[in-house]
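File shown: run.json (JSON, C-alpha atoms).
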```json
[["chain", "number", "residue", "atom", "x", "y", "z"],
["A", 17, "MET", "CA", 66.47, 104.26, 62.57],
["A", 18, "SER", "CA", 66.00, 102.01, 65.56],
["A", 19, "GLU", "CA", 63.51, 99.24, 65.65],
["A", 20, "THR", "CA", 61.46, 98.43, 68.69],
["A", 21, "SER", "CA", 60.16, 95.02, 69.50],
["A", 22, "PRO", "CA", 56.84, 94.42, 71.20],
["A", 23, "ASP", "CA", 58.82, 93.74, 74.40],
["A", 24, "THR", "CA", 60.65, 97.09, 74.31],
["A", 25, "PRO", "CA", 58.61, 99.96, 75.77],
["A", 26, "ALA", "CA", 58.54, 103.15, 73.74],
["A", 27, "TYR", "CA", 60.31, 106.19, 75.20],
["A", 28, "ASP", "CA", 57.02, 108.08, 75.61],
["A", 29, "ASP", "CA", 55.56, 105.16, 77.56],
["A", 30, "MET", "CA", 58.57, 105.05, 79.88],
["A", 31, "THR", "CA", 58.41, 108.82, 80.44],
["A", 32, "ARG", "CA", 54.73, 108.65, 81.27],
["A", 33, "ASP", "CA", 55.34, 105.74, 83.66],
["A", 34, "ILE", "CA", 58.10, 107.52, 85.59],
["A", 35, "ALA", "CA", 56.02, 110.70, 85.71],
["A", 36, "GLU", "CA", 53.41, 108.81, 87.70],
["A", 37, "VAL", "CA", 55.86, 107.61, 90.38],
["A", 38, "PRO", "CA", 56.08, 109.80, 93.52],
["A", 39, "ALA", "CA", 59.56, 111.17, 94.31],
["A", 40, "VAL", "CA", 59.61, 109.36, 97.67],
["A", 41, "GLU", "CA", 59.15, 106.04, 95.90],
["A", 42, "VAL", "CA", 62.00, 106.80, 93.47],
["A", 43, "ILE", "CA", 64.33, 107.78, 96.35],
["A", 44, "VAL", "CA", 63.46, 104.69, 98.40],
["A", 45, "THR", "CA", 63.87, 102.41, 95.37],
["A", 46, "VAL", "CA", 67.30, 103.85, 94.60],
["A", 47, "ALA", "CA", 68.31, 103.51, 98.26],
["A", 48, "VAL", "CA", 67.20, 99.88, 98.38],
["A", 49, "ASN", "CA", 69.11, 99.14, 95.17],
["A", 50, "LEU", "CA", 72.26, 100.71, 96.65],
["A", 51, "MET", "CA", 71.79, 98.69, 99.84],
["A", 52, "SER", "CA", 71.36, 95.45, 97.90],
["A", 53, "ALA", "CA", 74.40, 96.09, 95.74],
["A", 54, "ALA", "CA", 76.49, 96.98, 98.81],
["A", 55, "ALA", "CA", 75.39, 93.78, 100.57],
["A", 56, "VAL", "CA", 76.53, 91.74, 97.57],
["A", 57, "LYS", "CA", 79.89, 93.55, 97.46],
["A", 58, "LEU", "CA", 80.31, 92.97, 101.21],
["A", 59, "GLY", "CA", 79.79, 89.23, 100.75],
["A", 60, "LEU", "CA", 76.56, 89.23, 102.77],
["A", 61, "THR", "CA", 74.49, 87.21, 100.29],
["A", 62, "GLU", "CA", 74.08, 83.46, 99.82],
["A", 63, "GLU", "CA", 77.03, 83.52, 97.41],
["A", 64, "GLY", "CA", 79.25, 84.73, 100.24],
["A", 65, "ASP", "CA", 82.65, 85.99, 99.14],
["A", 66, "LYS", "CA", 82.11, 85.16, 95.45],
["A", 67, "TYR", "CA", 81.33, 88.81, 94.61],
["A", 68, "LYS", "CA", 83.03, 90.44, 97.58],
["A", 69, "ASP", "CA", 84.82, 93.67, 96.67],
["A", 70, "LEU", "CA", 85.36, 96.12, 99.51],
["A", 71, "ASP", "CA", 86.44, 98.96, 97.23],
["A", 72, "GLU", "CA", 83.13, 98.72, 95.37],
["A", 73, "ALA", "CA", 81.23, 98.30, 98.66],
["A", 74, "ARG", "CA", 82.82, 101.49, 100.02],
["A", 75, "LYS", "CA", 81.57, 103.47, 97.01],
["A", 76, "LEU", "CA", 78.05, 102.07, 97.28],
["A", 77, "VAL", "CA", 77.77, 102.65, 101.04],
["A", 78, "THR", "CA", 79.07, 106.21, 100.66],
["A", 79, "ALA", "CA", 76.58, 106.90, 97.86],
["A", 80, "LEU", "CA", 73.77, 105.51, 100.00],
["A", 81, "ALA", "CA", 74.81, 107.68, 102.95],
["A", 82, "GLY", "CA", 74.92, 110.77, 100.73],
["A", 83, "LEU", "CA", 71.50, 110.02, 99.27],
["A", 84, "LEU", "CA", 69.98, 109.51, 102.71],
["A", 85, "ASP", "CA", 71.66, 112.62, 104.10],
["A", 86, "ALA", "CA", 70.33, 114.72, 101.24],
["A", 87, "SER", "CA", 66.84, 113.27, 101.22],
["A", 88, "THR", "CA", 66.02, 112.67, 104.88],
["A", 89, "THR", "CA", 64.06, 115.93, 105.13],
["A", 90, "GLU", "CA", 62.27, 115.11, 101.88],
["A", 91, "ILE", "CA", 61.02, 111.67, 102.88],
["A", 92, "SER", "CA", 59.10, 110.84, 106.02],
["A", 93, "SER", "CA", 60.73, 109.21, 109.03],
["A", 94, "PHE", "CA", 58.53, 106.22, 108.18],
["A", 95, "HIS", "CA", 60.75, 105.70, 105.12],
["A", 96, "ALA", "CA", 64.00, 107.19, 106.43],
["A", 97, "ALA", "CA", 64.34, 105.25, 109.71],
["A", 98, "PRO", "CA", 64.62, 101.74, 108.25],
["A", 99, "LEU", "CA", 66.95, 103.00, 105.52],
["A", 100, "ARG", "CA", 69.22, 104.59, 108.14],
["A", 101, "ASP", "CA", 69.18, 101.32, 110.11],
["A", 102, "GLY", "CA", 70.16, 99.41, 106.98],
["A", 103, "LEU", "CA", 72.93, 101.89, 106.25],
["A", 104, "LYS", "CA", 74.34, 101.50, 109.75],
["A", 105, "SER", "CA", 74.28, 97.71, 109.40],
["A", 106, "LEU", "CA", 76.21, 97.96, 106.13],
["A", 107, "GLN", "CA", 78.73, 100.35, 107.67],
["A", 108, "LEU", "CA", 79.30, 97.95, 110.57],
["A", 109, "ALA", "CA", 79.58, 94.99, 108.18],
["A", 110, "PHE", "CA", 82.18, 96.92, 106.18],
["A", 111, "ARG", "CA", 84.20, 97.62, 109.33],
["A", 112, "GLU", "CA", 84.03, 93.93, 110.28],
["A", 113, "ALA", "CA", 85.03, 92.76, 106.78],
["A", 114, "SER", "CA", 88.03, 95.09, 106.56],
["A", 115, "LEU", "CA", 91.44, 93.65, 107.36],
["A", 116, "VAL", "CA", 92.50, 97.07, 108.61],
["A", 117, "PRO", "CA", 89.36, 98.85, 109.82],
["A", 118, "ASP", "CA", 89.01, 102.57, 109.20],
["A", 119, "GLU", "CA", 89.29, 104.93, 112.15],
["A", 120, "PRO", "CA", 85.90, 105.95, 113.53],
["A", 121, "GLY", "CA", 84.50, 108.69, 111.32],
["A", 122, "GLN", "CA", 86.62, 107.59, 108.34],
["A", 123, "GLY", "CA", 84.55, 104.60, 107.19],
["A", 124, "PRO", "CA", 82.29, 104.60, 104.15],
["A", 125, "GLY", "CA", 79.60, 107.24, 104.42],
["A", 126, "GLU", "CA", 80.70, 108.39, 107.86],
["A", 127, "LYS", "CA", 81.35, 111.91, 106.60],
["A", 128, "TYR", "CA", 77.54, 112.05, 106.25],
["A", 129, "THR", "CA", 76.48, 109.97, 109.26],
["A", 130, "GLY", "CA", 79.24, 110.61, 111.75],
["A", 131, "PRO", "CA", 81.20, 107.80, 113.38],
["A", 132, "VAL", "CA", 79.43, 104.44, 113.50],
["A", 133, "TYR", "CA", 79.92, 102.17, 116.48],
["A", 134, "GLY", "CA", 78.59, 98.64, 117.09]]
```
Could I get this structure in the form of structure tokens?
Amino acid sequence: MSETSPDTPAYDDMTRDIAEVPAVEVIVTVAVNLMSAAAVKLGLTEEGDKYKDLDEARKLVTALAGLLDASTTEISSFHAAPLRDGLKSLQLAFREASLVPDEPGQGPGEKYTGPVYG
């Protein structure tokens, strides 16, 4: 039997809370979290290279590209356009951070977005 503290929300409360969130908001929130994590792994934060890991960054950028590719028709261009711009910035940052840059079309997420050029 698990105990819950006053600070731990009950499962039913969490389910009700998520049920009230529109799908567009969930998609955008996940996309922003992927973007933030990718920026950290690319060394683009105040900590610089402390958490830099290009293998991890590649996975995050590819996941972001896949999410945006799959959801672009489901979310308005109002939401999609800035997310696509952020994705492109991350893809370019990845190319710049790589010692041996991928060929155009082979970078993270480019199977979803097509080749990314500066």
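For the pair atom CA of A:Leu70 and atom CA of A:Thr88, the separation is 26.0 Å.
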Would you be able to write out as a ChimeraX atom specification which residues have an atom within 10 Å of (74.2, 108.5, 105.1) in the file's coordinates, counting only C-alpha atoms?
/A:77-88,99-100,103-104,107,124-130
Ranking A:Ala53, A:Ile34, A:Leu58, A:Val40 by minimum distance to A:Phe94 and counting all atoms listed in the file, which one comes first?
A:Val40
Out of A:Asp28, A:Asp101, A:Ala113, A:Asn49, which residue has the shortest atom-to-atom distance to A:Leu76 when counting only C-alpha atoms?
A:Asn49
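Our summary of the geometry notes that atom CA of A:Ala47 is positioned 10.4 Å from atom CA of A:His95.
Atom CA of A:Glu72 is found 12.2 Å from atom CA of A:Met51.
Checking A:Arg74, A:Glu112, A:Ile91, A:Tyr133 one by one against A:Val42, counting only C-alpha atoms, you find the shortest gap at A:Ile91.
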